[in-house]
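K.L.:
If it helps, the file is called model-v5.pdb and holds PDB, N, CA and C atoms:
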```pdb
ATOM      1  N   ILE A   9     115.387  97.210 111.285  1.00  0.00           N
ATOM      2  CA  ILE A   9     114.982  96.452 112.462  1.00  0.00           C
ATOM      3  C   ILE A   9     114.596  95.054 112.002  1.00  0.00           C
ATOM      4  N   LYS A  10     115.154  94.048 112.576  1.00  0.00           N
ATOM      5  CA  LYS A  10     114.790  92.683 112.238  1.00  0.00           C
ATOM      6  C   LYS A  10     113.536  92.317 113.021  1.00  0.00           C
ATOM      7  N   SER A  11     112.569  91.732 112.335  1.00  0.00           N
ATOM      8  CA  SER A  11     111.305  91.399 112.983  1.00  0.00           C
ATOM      9  C   SER A  11     111.496  90.470 114.178  1.00  0.00           C
ATOM     10  N   ARG A  12     112.431  89.556 114.075  1.00  0.00           N
ATOM     11  CA  ARG A  12     112.685  88.630 115.179  1.00  0.00           C
ATOM     12  C   ARG A  12     113.149  89.385 116.422  1.00  0.00           C
ATOM     13  N   THR A  13     113.990  90.377 116.258  1.00  0.00           N
ATOM     14  CA  THR A  13     114.480  91.169 117.379  1.00  0.00           C
ATOM     15  C   THR A  13     113.336  91.903 118.057  1.00  0.00           C
ATOM     16  N   VAL A  14     112.472  92.510 117.270  1.00  0.00           N
ATOM     17  CA  VAL A  14     111.342  93.247 117.831  1.00  0.00           C
ATOM     18  C   VAL A  14     110.458  92.309 118.640  1.00  0.00           C
ATOM     19  N   ARG A  15     110.142  91.151 118.071  1.00  0.00           N
ATOM     20  CA  ARG A  15     109.268  90.199 118.748  1.00  0.00           C
ATOM     21  C   ARG A  15     109.905  89.632 120.006  1.00  0.00           C
ATOM     22  N   GLU A  16     111.153  89.228 119.926  1.00  0.00           N
ATOM     23  CA  GLU A  16     111.803  88.568 121.052  1.00  0.00           C
ATOM     24  C   GLU A  16     112.083  89.522 122.202  1.00  0.00           C
ATOM     25  N   LYS A  17     112.553  90.686 121.900  1.00  0.00           N
ATOM     26  CA  LYS A  17     112.956  91.605 122.959  1.00  0.00           C
ATOM     27  C   LYS A  17     111.817  92.502 123.420  1.00  0.00           C
ATOM     28  N   CYS A  18     110.811  92.681 122.604  1.00  0.00           N
ATOM     29  CA  CYS A  18     109.645  93.501 122.957  1.00  0.00           C
ATOM     30  C   CYS A  18     110.063  94.831 123.579  1.00  0.00           C
ATOM     31  N   TYR A  19     110.775  95.622 122.798  1.00  0.00           N
ATOM     32  CA  TYR A  19     111.213  96.929 123.263  1.00  0.00           C
ATOM     33  C   TYR A  19     110.039  97.850 123.588  1.00  0.00           C
ATOM     34  N   ILE A  20     108.949  97.688 122.861  1.00  0.00           N
ATOM     35  CA  ILE A  20     107.807  98.573 123.008  1.00  0.00           C
ATOM     36  C   ILE A  20     106.735  97.842 123.811  1.00  0.00           C
ATOM     37  N   LYS A  21     106.361  98.396 124.943  1.00  0.00           N
ATOM     38  CA  LYS A  21     105.415  97.742 125.839  1.00  0.00           C
ATOM     39  C   LYS A  21     103.998  98.308 125.705  1.00  0.00           C
ATOM     40  N   ASP A  22     103.836  99.502 125.173  1.00  0.00           N
ATOM     41  CA  ASP A  22     102.530 100.149 125.063  1.00  0.00           C
ATOM     42  C   ASP A  22     102.221 100.487 123.616  1.00  0.00           C
ATOM     43  N   GLN A  23     100.928 100.594 123.303  1.00  0.00           N
ATOM     44  CA  GLN A  23     100.515 100.952 121.945  1.00  0.00           C
ATOM     45  C   GLN A  23     101.082 102.321 121.585  1.00  0.00           C
ATOM     46  N   VAL A  24     101.636 102.427 120.377  1.00  0.00           N
ATOM     47  CA  VAL A  24     102.173 103.701 119.912  1.00  0.00           C
ATOM     48  C   VAL A  24     101.438 104.209 118.681  1.00  0.00           C
ATOM     49  N   PHE A  25     101.019 103.323 117.792  1.00  0.00           N
ATOM     50  CA  PHE A  25     100.336 103.740 116.578  1.00  0.00           C
ATOM     51  C   PHE A  25      98.893 104.093 116.914  1.00  0.00           C
ATOM     52  N   GLY A  26      98.454 105.247 116.442  1.00  0.00           N
ATOM     53  CA  GLY A  26      97.091 105.695 116.712  1.00  0.00           C
ATOM     54  C   GLY A  26      96.934 106.340 118.074  1.00  0.00           C
ATOM     55  N   THR A  27      98.034 106.556 118.768  1.00  0.00           N
ATOM     56  CA  THR A  27      98.012 107.185 120.085  1.00  0.00           C
ATOM     57  C   THR A  27      98.446 108.639 119.953  1.00  0.00           C
ATOM     58  N   ASN A  28      97.757 109.521 120.629  1.00  0.00           N
ATOM     59  CA  ASN A  28      98.109 110.939 120.641  1.00  0.00           C
ATOM     60  C   ASN A  28      99.512 111.090 121.233  1.00  0.00           C
ATOM     61  N   LEU A  29     100.382 111.833 120.540  1.00  0.00           N
ATOM     62  CA  LEU A  29     101.772 111.971 121.002  1.00  0.00           C
ATOM     63  C   LEU A  29     101.871 112.602 122.388  1.00  0.00           C
ATOM     64  N   ALA A  30     101.029 113.592 122.653  1.00  0.00           N
ATOM     65  CA  ALA A  30     101.057 114.230 123.977  1.00  0.00           C
ATOM     66  C   ALA A  30     100.692 113.218 125.057  1.00  0.00           C
ATOM     67  N   ASN A  31      99.691 112.382 124.789  1.00  0.00           N
ATOM     68  CA  ASN A  31      99.295 111.355 125.759  1.00  0.00           C
ATOM     69  C   ASN A  31     100.395 110.315 125.939  1.00  0.00           C
ATOM     70  N   LEU A  32     101.034 109.954 124.832  1.00  0.00           N
ATOM     71  CA  LEU A  32     102.124 108.980 124.897  1.00  0.00           C
ATOM     72  C   LEU A  32     103.289 109.525 125.726  1.00  0.00           C
ATOM     73  N   CYS A  33     103.645 110.773 125.501  1.00  0.00           N
ATOM     74  CA  CYS A  33     104.726 111.398 126.277  1.00  0.00           C
ATOM     75  C   CYS A  33     104.354 111.468 127.756  1.00  0.00           C
ATOM     76  N   GLN A  34     103.110 111.822 128.030  1.00  0.00           N
ATOM     77  CA  GLN A  34     102.661 111.905 129.421  1.00  0.00           C
ATOM     78  C   GLN A  34     102.693 110.517 130.074  1.00  0.00           C
ATOM     79  N   ARG A  35     102.222 109.515 129.352  1.00  0.00           N
ATOM     80  CA  ARG A  35     102.206 108.147 129.875  1.00  0.00           C
ATOM     81  C   ARG A  35     103.616 107.647 130.179  1.00  0.00           C
ATOM     82  N   GLU A  36     104.577 108.052 129.322  1.00  0.00           N
ATOM     83  CA  GLU A  36     105.970 107.619 129.500  1.00  0.00           C
ATOM     84  C   GLU A  36     106.769 108.583 130.365  1.00  0.00           C
ATOM     85  N   ASN A  37     106.121 109.666 130.764  1.00  0.00           N
ATOM     86  CA  ASN A  37     106.766 110.670 131.621  1.00  0.00           C
ATOM     87  C   ASN A  37     108.019 111.253 130.972  1.00  0.00           C
ATOM     88  N   GLY A  38     107.883 111.679 129.698  1.00  0.00           N
ATOM     89  CA  GLY A  38     109.010 112.252 128.972  1.00  0.00           C
ATOM     90  C   GLY A  38     108.539 113.203 127.895  1.00  0.00           C
ATOM     91  N   THR A  39     109.478 113.716 127.113  1.00  0.00           N
ATOM     92  CA  THR A  39     109.128 114.658 126.047  1.00  0.00           C
ATOM     93  C   THR A  39     109.198 114.024 124.663  1.00  0.00           C
ATOM     94  N   VAL A  40     109.912 112.909 124.539  1.00  0.00           N
ATOM     95  CA  VAL A  40     110.000 112.186 123.271  1.00  0.00           C
ATOM     96  C   VAL A  40     109.646 110.724 123.567  1.00  0.00           C
ATOM     97  N   PRO A  41     108.664 110.162 122.852  1.00  0.00           N
ATOM     98  CA  PRO A  41     108.284 108.773 123.101  1.00  0.00           C
ATOM     99  C   PRO A  41     109.452 107.807 122.897  1.00  0.00           C
ATOM    100  N   LYS A  42     109.495 106.768 123.709  1.00  0.00           N
ATOM    101  CA  LYS A  42     110.556 105.761 123.644  1.00  0.00           C
ATOM    102  C   LYS A  42     110.660 105.168 122.242  1.00  0.00           C
ATOM    103  N   PHE A  43     109.514 104.923 121.605  1.00  0.00           N
ATOM    104  CA  PHE A  43     109.500 104.355 120.271  1.00  0.00           C
ATOM    105  C   PHE A  43     110.235 105.250 119.274  1.00  0.00           C
ATOM    106  N   VAL A  44     110.016 106.555 119.360  1.00  0.00           N
ATOM    107  CA  VAL A  44     110.682 107.509 118.465  1.00  0.00           C
ATOM    108  C   VAL A  44     112.190 107.505 118.734  1.00  0.00           C
ATOM    109  N   LYS A  45     112.560 107.478 119.992  1.00  0.00           N
ATOM    110  CA  LYS A  45     113.985 107.429 120.349  1.00  0.00           C
ATOM    111  C   LYS A  45     114.652 106.170 119.791  1.00  0.00           C
ATOM    112  N   LEU A  46     113.984 105.017 119.963  1.00  0.00           N
ATOM    113  CA  LEU A  46     114.553 103.762 119.469  1.00  0.00           C
ATOM    114  C   LEU A  46     114.729 103.795 117.954  1.00  0.00           C
ATOM    115  N   CYS A  47     113.743 104.337 117.247  1.00  0.00           N
ATOM    116  CA  CYS A  47     113.825 104.402 115.782  1.00  0.00           C
ATOM    117  C   CYS A  47     114.961 105.311 115.331  1.00  0.00           C
ATOM    118  N   THR A  48     115.048 106.502 115.905  1.00  0.00           N
ATOM    119  CA  THR A  48     116.094 107.432 115.481  1.00  0.00           C
ATOM    120  C   THR A  48     117.483 106.918 115.854  1.00  0.00           C
ATOM    121  N   GLU A  49     117.613 106.293 117.024  1.00  0.00           N
ATOM    122  CA  GLU A  49     118.909 105.722 117.411  1.00  0.00           C
ATOM    123  C   GLU A  49     119.330 104.619 116.437  1.00  0.00           C
ATOM    124  N   HIS A  50     118.374 103.784 116.028  1.00  0.00           N
ATOM    125  CA  HIS A  50     118.686 102.706 115.090  1.00  0.00           C
ATOM    126  C   HIS A  50     119.122 103.275 113.736  1.00  0.00           C
ATOM    127  N   VAL A  51     118.392 104.269 113.252  1.00  0.00           N
ATOM    128  CA  VAL A  51     118.741 104.887 111.968  1.00  0.00           C
ATOM    129  C   VAL A  51     120.116 105.541 112.056  1.00  0.00           C
ATOM    130  N   GLU A  52     120.372 106.262 113.142  1.00  0.00           N
ATOM    131  CA  GLU A  52     121.665 106.926 113.283  1.00  0.00           C
ATOM    132  C   GLU A  52     122.812 105.922 113.397  1.00  0.00           C
ATOM    133  N   GLN A  53     122.554 104.778 113.990  1.00  0.00           N
ATOM    134  CA  GLN A  53     123.608 103.775 114.151  1.00  0.00           C
ATOM    135  C   GLN A  53     123.826 102.953 112.873  1.00  0.00           C
ATOM    136  N   TYR A  54     122.739 102.621 112.166  1.00  0.00           N
ATOM    137  CA  TYR A  54     122.857 101.683 111.046  1.00  0.00           C
ATOM    138  C   TYR A  54     122.456 102.230 109.681  1.00  0.00           C
ATOM    139  N   GLY A  55     121.790 103.377 109.624  1.00  0.00           N
ATOM    140  CA  GLY A  55     121.204 103.773 108.357  1.00  0.00           C
ATOM    141  C   GLY A  55     121.659 105.072 107.743  1.00  0.00           C
ATOM    142  N   LEU A  56     122.574 105.768 108.364  1.00  0.00           N
ATOM    143  CA  LEU A  56     122.949 107.075 107.830  1.00  0.00           C
ATOM    144  C   LEU A  56     123.668 107.006 106.488  1.00  0.00           C
ATOM    145  N   ASP A  57     124.207 105.863 106.151  1.00  0.00           N
ATOM    146  CA  ASP A  57     124.864 105.737 104.854  1.00  0.00           C
ATOM    147  C   ASP A  57     123.905 105.239 103.760  1.00  0.00           C
ATOM    148  N   VAL A  58     122.624 105.084 104.119  1.00  0.00           N
ATOM    149  CA  VAL A  58     121.598 104.681 103.152  1.00  0.00           C
ATOM    150  C   VAL A  58     121.069 105.925 102.460  1.00  0.00           C
ATOM    151  N   ASP A  59     121.139 105.940 101.137  1.00  0.00           N
ATOM    152  CA  ASP A  59     120.690 107.095 100.373  1.00  0.00           C
ATOM    153  C   ASP A  59     119.202 107.350 100.588  1.00  0.00           C
ATOM    154  N   GLY A  60     118.858 108.557 101.009  1.00  0.00           N
ATOM    155  CA  GLY A  60     117.463 108.963 101.151  1.00  0.00           C
ATOM    156  C   GLY A  60     116.769 108.471 102.400  1.00  0.00           C
ATOM    157  N   ILE A  61     117.515 108.058 103.417  1.00  0.00           N
ATOM    158  CA  ILE A  61     116.918 107.454 104.602  1.00  0.00           C
ATOM    159  C   ILE A  61     115.861 108.338 105.264  1.00  0.00           C
ATOM    160  N   TYR A  62     116.039 109.646 105.232  1.00  0.00           N
ATOM    161  CA  TYR A  62     115.066 110.547 105.860  1.00  0.00           C
ATOM    162  C   TYR A  62     114.161 111.250 104.853  1.00  0.00           C
ATOM    163  N   ARG A  63     114.311 110.964 103.570  1.00  0.00           N
ATOM    164  CA  ARG A  63     113.491 111.692 102.605  1.00  0.00           C
ATOM    165  C   ARG A  63     112.752 110.820 101.600  1.00  0.00           C
ATOM    166  N   VAL A  64     113.018 109.530 101.581  1.00  0.00           N
ATOM    167  CA  VAL A  64     112.344 108.627 100.659  1.00  0.00           C
ATOM    168  C   VAL A  64     111.392 107.743 101.458  1.00  0.00           C
ATOM    169  N   SER A  65     110.146 107.657 101.005  1.00  0.00           N
ATOM    170  CA  SER A  65     109.164 106.824 101.695  1.00  0.00           C
ATOM    171  C   SER A  65     109.563 105.356 101.634  1.00  0.00           C
ATOM    172  N   GLY A  66     109.222 104.636 102.688  1.00  0.00           N
ATOM    173  CA  GLY A  66     109.510 103.213 102.739  1.00  0.00           C
ATOM    174  C   GLY A  66     108.464 102.402 101.992  1.00  0.00           C
ATOM    175  N   ASN A  67     108.750 101.148 101.785  1.00  0.00           N
ATOM    176  CA  ASN A  67     107.832 100.225 101.145  1.00  0.00           C
ATOM    177  C   ASN A  67     106.646  99.992 102.073  1.00  0.00           C
ATOM    178  N   PHE A  68     105.433 100.218 101.564  1.00  0.00           N
ATOM    179  CA  PHE A  68     104.227 100.137 102.393  1.00  0.00           C
ATOM    180  C   PHE A  68     104.076  98.760 103.052  1.00  0.00           C
ATOM    181  N   ALA A  69     104.333  97.689 102.327  1.00  0.00           N
ATOM    182  CA  ALA A  69     104.188  96.340 102.879  1.00  0.00           C
ATOM    183  C   ALA A  69     105.167  96.108 104.038  1.00  0.00           C
ATOM    184  N   VAL A  70     106.377  96.590 103.890  1.00  0.00           N
ATOM    185  CA  VAL A  70     107.380  96.431 104.950  1.00  0.00           C
ATOM    186  C   VAL A  70     106.977  97.253 106.175  1.00  0.00           C
ATOM    187  N   ILE A  71     106.500  98.457 105.948  1.00  0.00           N
ATOM    188  CA  ILE A  71     106.060  99.316 107.044  1.00  0.00           C
ATOM    189  C   ILE A  71     104.908  98.656 107.802  1.00  0.00           C
ATOM    190  N   GLN A  72     103.941  98.115 107.067  1.00  0.00           N
ATOM    191  CA  GLN A  72     102.800  97.458 107.702  1.00  0.00           C
ATOM    192  C   GLN A  72     103.244  96.226 108.497  1.00  0.00           C
ATOM    193  N   LYS A  73     104.205  95.482 107.972  1.00  0.00           N
ATOM    194  CA  LYS A  73     104.710  94.301 108.681  1.00  0.00           C
ATOM    195  C   LYS A  73     105.374  94.704 109.995  1.00  0.00           C
ATOM    196  N   LEU A  74     106.215  95.731 109.948  1.00  0.00           N
ATOM    197  CA  LEU A  74     106.879  96.198 111.167  1.00  0.00           C
ATOM    198  C   LEU A  74     105.858  96.717 112.177  1.00  0.00           C
ATOM    199  N   ARG A  75     104.889  97.457 111.686  1.00  0.00           N
ATOM    200  CA  ARG A  75     103.839  97.982 112.570  1.00  0.00           C
ATOM    201  C   ARG A  75     103.077  96.828 113.229  1.00  0.00           C
ATOM    202  N   PHE A  76     102.731  95.812 112.449  1.00  0.00           N
ATOM    203  CA  PHE A  76     102.034  94.649 112.992  1.00  0.00           C
ATOM    204  C   PHE A  76     102.867  93.973 114.079  1.00  0.00           C
ATOM    205  N   LEU A  77     104.153  93.760 113.817  1.00  0.00           N
ATOM    206  CA  LEU A  77     105.026  93.091 114.794  1.00  0.00           C
ATOM    207  C   LEU A  77     105.161  93.898 116.080  1.00  0.00           C
ATOM    208  N   ILE A  78     105.238  95.202 115.939  1.00  0.00           N
ATOM    209  CA  ILE A  78     105.344  96.070 117.131  1.00  0.00           C
ATOM    210  C   ILE A  78     104.062  96.000 117.931  1.00  0.00           C
ATOM    211  N   GLU A  79     102.914  96.077 117.255  1.00  0.00           N
ATOM    212  CA  GLU A  79     101.641  96.020 117.971  1.00  0.00           C
ATOM    213  C   GLU A  79     101.389  94.624 118.542  1.00  0.00           C
ATOM    214  N   LEU A  80     101.858  93.581 117.883  1.00  0.00           N
ATOM    215  CA  LEU A  80     101.748  92.225 118.414  1.00  0.00           C
ATOM    216  C   LEU A  80     102.533  92.125 119.717  1.00  0.00           C
ATOM    217  N   CYS A  81     103.708  92.696 119.735  1.00  0.00           N
ATOM    218  CA  CYS A  81     104.544  92.694 120.916  1.00  0.00           C
ATOM    219  C   CYS A  81     103.813  93.390 122.067  1.00  0.00           C
ATOM    220  N   VAL A  82     103.119  94.482 121.771  1.00  0.00           N
ATOM    221  CA  VAL A  82     102.360  95.196 122.807  1.00  0.00           C
ATOM    222  C   VAL A  82     101.273  94.293 123.370  1.00  0.00           C
ATOM    223  N   ARG A  83     100.567  93.579 122.512  1.00  0.00           N
ATOM    224  CA  ARG A  83      99.479  92.695 122.974  1.00  0.00           C
ATOM    225  C   ARG A  83     100.011  91.533 123.811  1.00  0.00           C
ATOM    226  N   LEU A  84     101.235  91.099 123.544  1.00  0.00           N
ATOM    227  CA  LEU A  84     101.802  89.978 124.285  1.00  0.00           C
ATOM    228  C   LEU A  84     102.223  90.375 125.690  1.00  0.00           C
ATOM    229  N   ASN A  85     102.422  91.658 125.918  1.00  0.00           N
ATOM    230  CA  ASN A  85     102.866  92.118 127.241  1.00  0.00           C
ATOM    231  C   ASN A  85     101.705  92.415 128.111  1.00  0.00           C
TER     232      ASN A  85
END
```
Kindly present the structure from the file in structure tokens form.

P.N.:
Amino acid sequence: IKSRTVREKCYIKDQVFGTNLANLCQRENGTVPKFVKLCTEHVEQYGLDVDGIYRVSGNFAVIQKLRFLIELCVRLN
């Protein structure tokens, strides 16, 4: 996910990190949170040829940056 895309398009409108999954599903009126769907769709479209995509931990700094950008987008909405 490019940080610019996340910020500009603001796919995520509500807080997702630190939110109870059941509450998030109820708030979105679904069984799988939109954020989870967007992540899995992106991985399936662009990342399946990456070795270890579902079994190797990501770089902590990159994860924190993406999390910050997503939560910033939520605050802007």

K.L.:
For the atom pair CA of Leu46 (chain A) and CA of Phe68 (chain A), what is the interatomic distance in Å to one decimal place?

P.N.:
20.3 Å

K.L.:
Starting from the shown file, work through the PyMOL selection byres (((chain A and resi 41 and name CA) around 12) and name CA) and note down what comes out as a compact mmCIF listing (two decimals) with N, CA and C atoms, in the coordinates of the input.

P.N.:
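The resulting result.txt:
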```txt
# COMPACT_ATOMS: atom_id res chain seq x y z
N ILE A 20 108.95 97.69 122.86
CA ILE A 20 107.81 98.57 123.01
C ILE A 20 106.74 97.84 123.81
N LYS A 21 106.36 98.40 124.94
CA LYS A 21 105.42 97.74 125.84
C LYS A 21 104.00 98.31 125.70
N ASP A 22 103.84 99.50 125.17
CA ASP A 22 102.53 100.15 125.06
C ASP A 22 102.22 100.49 123.62
N GLN A 23 100.93 100.59 123.30
CA GLN A 23 100.52 100.95 121.94
C GLN A 23 101.08 102.32 121.58
N VAL A 24 101.64 102.43 120.38
CA VAL A 24 102.17 103.70 119.91
C VAL A 24 101.44 104.21 118.68
N PHE A 25 101.02 103.32 117.79
CA PHE A 25 100.34 103.74 116.58
C PHE A 25 98.89 104.09 116.91
N THR A 27 98.03 106.56 118.77
CA THR A 27 98.01 107.18 120.08
C THR A 27 98.45 108.64 119.95
N ASN A 28 97.76 109.52 120.63
CA ASN A 28 98.11 110.94 120.64
C ASN A 28 99.51 111.09 121.23
N LEU A 29 100.38 111.83 120.54
CA LEU A 29 101.77 111.97 121.00
C LEU A 29 101.87 112.60 122.39
N ALA A 30 101.03 113.59 122.65
CA ALA A 30 101.06 114.23 123.98
C ALA A 30 100.69 113.22 125.06
N ASN A 31 99.69 112.38 124.79
CA ASN A 31 99.30 111.36 125.76
C ASN A 31 100.40 110.32 125.94
N LEU A 32 101.03 109.95 124.83
CA LEU A 32 102.12 108.98 124.90
C LEU A 32 103.29 109.52 125.73
N CYS A 33 103.64 110.77 125.50
CA CYS A 33 104.73 111.40 126.28
C CYS A 33 104.35 111.47 127.76
N GLN A 34 103.11 111.82 128.03
CA GLN A 34 102.66 111.90 129.42
C GLN A 34 102.69 110.52 130.07
N ARG A 35 102.22 109.52 129.35
CA ARG A 35 102.21 108.15 129.88
C ARG A 35 103.62 107.65 130.18
N GLU A 36 104.58 108.05 129.32
CA GLU A 36 105.97 107.62 129.50
C GLU A 36 106.77 108.58 130.36
N ASN A 37 106.12 109.67 130.76
CA ASN A 37 106.77 110.67 131.62
C ASN A 37 108.02 111.25 130.97
N GLY A 38 107.88 111.68 129.70
CA GLY A 38 109.01 112.25 128.97
C GLY A 38 108.54 113.20 127.90
N THR A 39 109.48 113.72 127.11
CA THR A 39 109.13 114.66 126.05
C THR A 39 109.20 114.02 124.66
N VAL A 40 109.91 112.91 124.54
CA VAL A 40 110.00 112.19 123.27
C VAL A 40 109.65 110.72 123.57
N LYS A 42 109.50 106.77 123.71
CA LYS A 42 110.56 105.76 123.64
C LYS A 42 110.66 105.17 122.24
N PHE A 43 109.51 104.92 121.60
CA PHE A 43 109.50 104.36 120.27
C PHE A 43 110.24 105.25 119.27
N VAL A 44 110.02 106.56 119.36
CA VAL A 44 110.68 107.51 118.46
C VAL A 44 112.19 107.50 118.73
N LYS A 45 112.56 107.48 119.99
CA LYS A 45 113.98 107.43 120.35
C LYS A 45 114.65 106.17 119.79
N LEU A 46 113.98 105.02 119.96
CA LEU A 46 114.55 103.76 119.47
C LEU A 46 114.73 103.80 117.95
N CYS A 47 113.74 104.34 117.25
CA CYS A 47 113.82 104.40 115.78
C CYS A 47 114.96 105.31 115.33
N THR A 48 115.05 106.50 115.90
CA THR A 48 116.09 107.43 115.48
C THR A 48 117.48 106.92 115.85
```

K.L.:
Build an axis-aligned box that encloses every atom of region 29-40 of chain A listed in the file, pad it by 3 Å on each side, and report its centre and edge lengths in Å to one decimal, as AutoDock Vina command-line options.

P.N.:
```
--center_x 104.6 --center_y 111.1 --center_z 126.1 --size_x 16.7 --size_y 13.0 --size_z 17.1
```

K.L.:
For the atom pair atom N of Leu56 (chain A) and atom C of Leu80 (chain A), what is the interatomic distance in Å to one decimal place?

P.N.:
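That distance, rounded to one decimal, is 26.8 Å.
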
K.L.:
Quote the spacing between atom C of Val51 (chain A) and atom N of Cys81 (chain A) in Å to one decimal place.

P.N.:
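These two atoms are separated by 22.2 Å.
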
K.L.:
Output: region 43-62 of chain A of the preceding structure, restricted to N, CA and C atoms, written as a PDB file, in the first residue's frame.

P.N.:
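Final output, saved to decode.pdb:
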```pdb
ATOM      1  N   PHE A  43     -11.576  -2.888   6.552  1.00  0.00           N
ATOM      2  CA  PHE A  43     -10.128  -2.795   6.565  1.00  0.00           C
ATOM      3  C   PHE A  43      -9.478  -4.146   6.271  1.00  0.00           C
ATOM      4  N   VAL A  44     -10.004  -5.210   6.863  1.00  0.00           N
ATOM      5  CA  VAL A  44      -9.471  -6.559   6.639  1.00  0.00           C
ATOM      6  C   VAL A  44      -9.692  -6.967   5.179  1.00  0.00           C
ATOM      7  N   LYS A  45     -10.859  -6.672   4.659  1.00  0.00           N
ATOM      8  CA  LYS A  45     -11.150  -6.985   3.253  1.00  0.00           C
ATOM      9  C   LYS A  45     -10.186  -6.257   2.314  1.00  0.00           C
ATOM     10  N   LEU A  46      -9.972  -4.957   2.572  1.00  0.00           N
ATOM     11  CA  LEU A  46      -9.072  -4.180   1.718  1.00  0.00           C
ATOM     12  C   LEU A  46      -7.654  -4.742   1.757  1.00  0.00           C
ATOM     13  N   CYS A  47      -7.192  -5.121   2.944  1.00  0.00           N
ATOM     14  CA  CYS A  47      -5.833  -5.664   3.075  1.00  0.00           C
ATOM     15  C   CYS A  47      -5.693  -6.989   2.338  1.00  0.00           C
ATOM     16  N   THR A  48      -6.634  -7.899   2.542  1.00  0.00           N
ATOM     17  CA  THR A  48      -6.528  -9.204   1.892  1.00  0.00           C
ATOM     18  C   THR A  48      -6.677  -9.087   0.376  1.00  0.00           C
ATOM     19  N   GLU A  49      -7.565  -8.207  -0.087  1.00  0.00           N
ATOM     20  CA  GLU A  49      -7.710  -8.004  -1.534  1.00  0.00           C
ATOM     21  C   GLU A  49      -6.411  -7.464  -2.140  1.00  0.00           C
ATOM     22  N   HIS A  50      -5.765  -6.534  -1.438  1.00  0.00           N
ATOM     23  CA  HIS A  50      -4.511  -5.969  -1.939  1.00  0.00           C
ATOM     24  C   HIS A  50      -3.421  -7.044  -2.002  1.00  0.00           C
ATOM     25  N   VAL A  51      -3.316  -7.840  -0.949  1.00  0.00           N
ATOM     26  CA  VAL A  51      -2.310  -8.907  -0.925  1.00  0.00           C
ATOM     27  C   VAL A  51      -2.585  -9.915  -2.037  1.00  0.00           C
ATOM     28  N   GLU A  52      -3.845 -10.302  -2.200  1.00  0.00           N
ATOM     29  CA  GLU A  52      -4.177 -11.275  -3.237  1.00  0.00           C
ATOM     30  C   GLU A  52      -3.922 -10.722  -4.639  1.00  0.00           C
ATOM     31  N   GLN A  53      -4.099  -9.433  -4.820  1.00  0.00           N
ATOM     32  CA  GLN A  53      -3.889  -8.835  -6.139  1.00  0.00           C
ATOM     33  C   GLN A  53      -2.405  -8.575  -6.430  1.00  0.00           C
ATOM     34  N   TYR A  54      -1.650  -8.142  -5.413  1.00  0.00           N
ATOM     35  CA  TYR A  54      -0.276  -7.696  -5.665  1.00  0.00           C
ATOM     36  C   TYR A  54       0.816  -8.478  -4.943  1.00  0.00           C
ATOM     37  N   GLY A  55       0.468  -9.299  -3.959  1.00  0.00           N
ATOM     38  CA  GLY A  55       1.515  -9.855  -3.123  1.00  0.00           C
ATOM     39  C   GLY A  55       1.663 -11.354  -3.078  1.00  0.00           C
ATOM     40  N   LEU A  56       0.861 -12.081  -3.812  1.00  0.00           N
ATOM     41  CA  LEU A  56       0.930 -13.536  -3.700  1.00  0.00           C
ATOM     42  C   LEU A  56       2.231 -14.131  -4.227  1.00  0.00           C
ATOM     43  N   ASP A  57       2.945 -13.395  -5.038  1.00  0.00           N
ATOM     44  CA  ASP A  57       4.221 -13.905  -5.530  1.00  0.00           C
ATOM     45  C   ASP A  57       5.400 -13.488  -4.634  1.00  0.00           C
ATOM     46  N   VAL A  58       5.089 -12.816  -3.518  1.00  0.00           N
ATOM     47  CA  VAL A  58       6.114 -12.422  -2.547  1.00  0.00           C
ATOM     48  C   VAL A  58       6.334 -13.573  -1.581  1.00  0.00           C
ATOM     49  N   ASP A  59       7.576 -14.023  -1.471  1.00  0.00           N
ATOM     50  CA  ASP A  59       7.895 -15.143  -0.599  1.00  0.00           C
ATOM     51  C   ASP A  59       7.577 -14.813   0.856  1.00  0.00           C
ATOM     52  N   GLY A  60       6.765 -15.644   1.492  1.00  0.00           N
ATOM     53  CA  GLY A  60       6.467 -15.502   2.914  1.00  0.00           C
ATOM     54  C   GLY A  60       5.444 -14.444   3.259  1.00  0.00           C
ATOM     55  N   ILE A  61       4.641 -14.004   2.298  1.00  0.00           N
ATOM     56  CA  ILE A  61       3.718 -12.898   2.525  1.00  0.00           C
ATOM     57  C   ILE A  61       2.776 -13.132   3.706  1.00  0.00           C
ATOM     58  N   TYR A  62       2.367 -14.365   3.939  1.00  0.00           N
ATOM     59  CA  TYR A  62       1.452 -14.651   5.050  1.00  0.00           C
ATOM     60  C   TYR A  62       2.144 -15.295   6.247  1.00  0.00           C
TER      61      TYR A  62
END
```
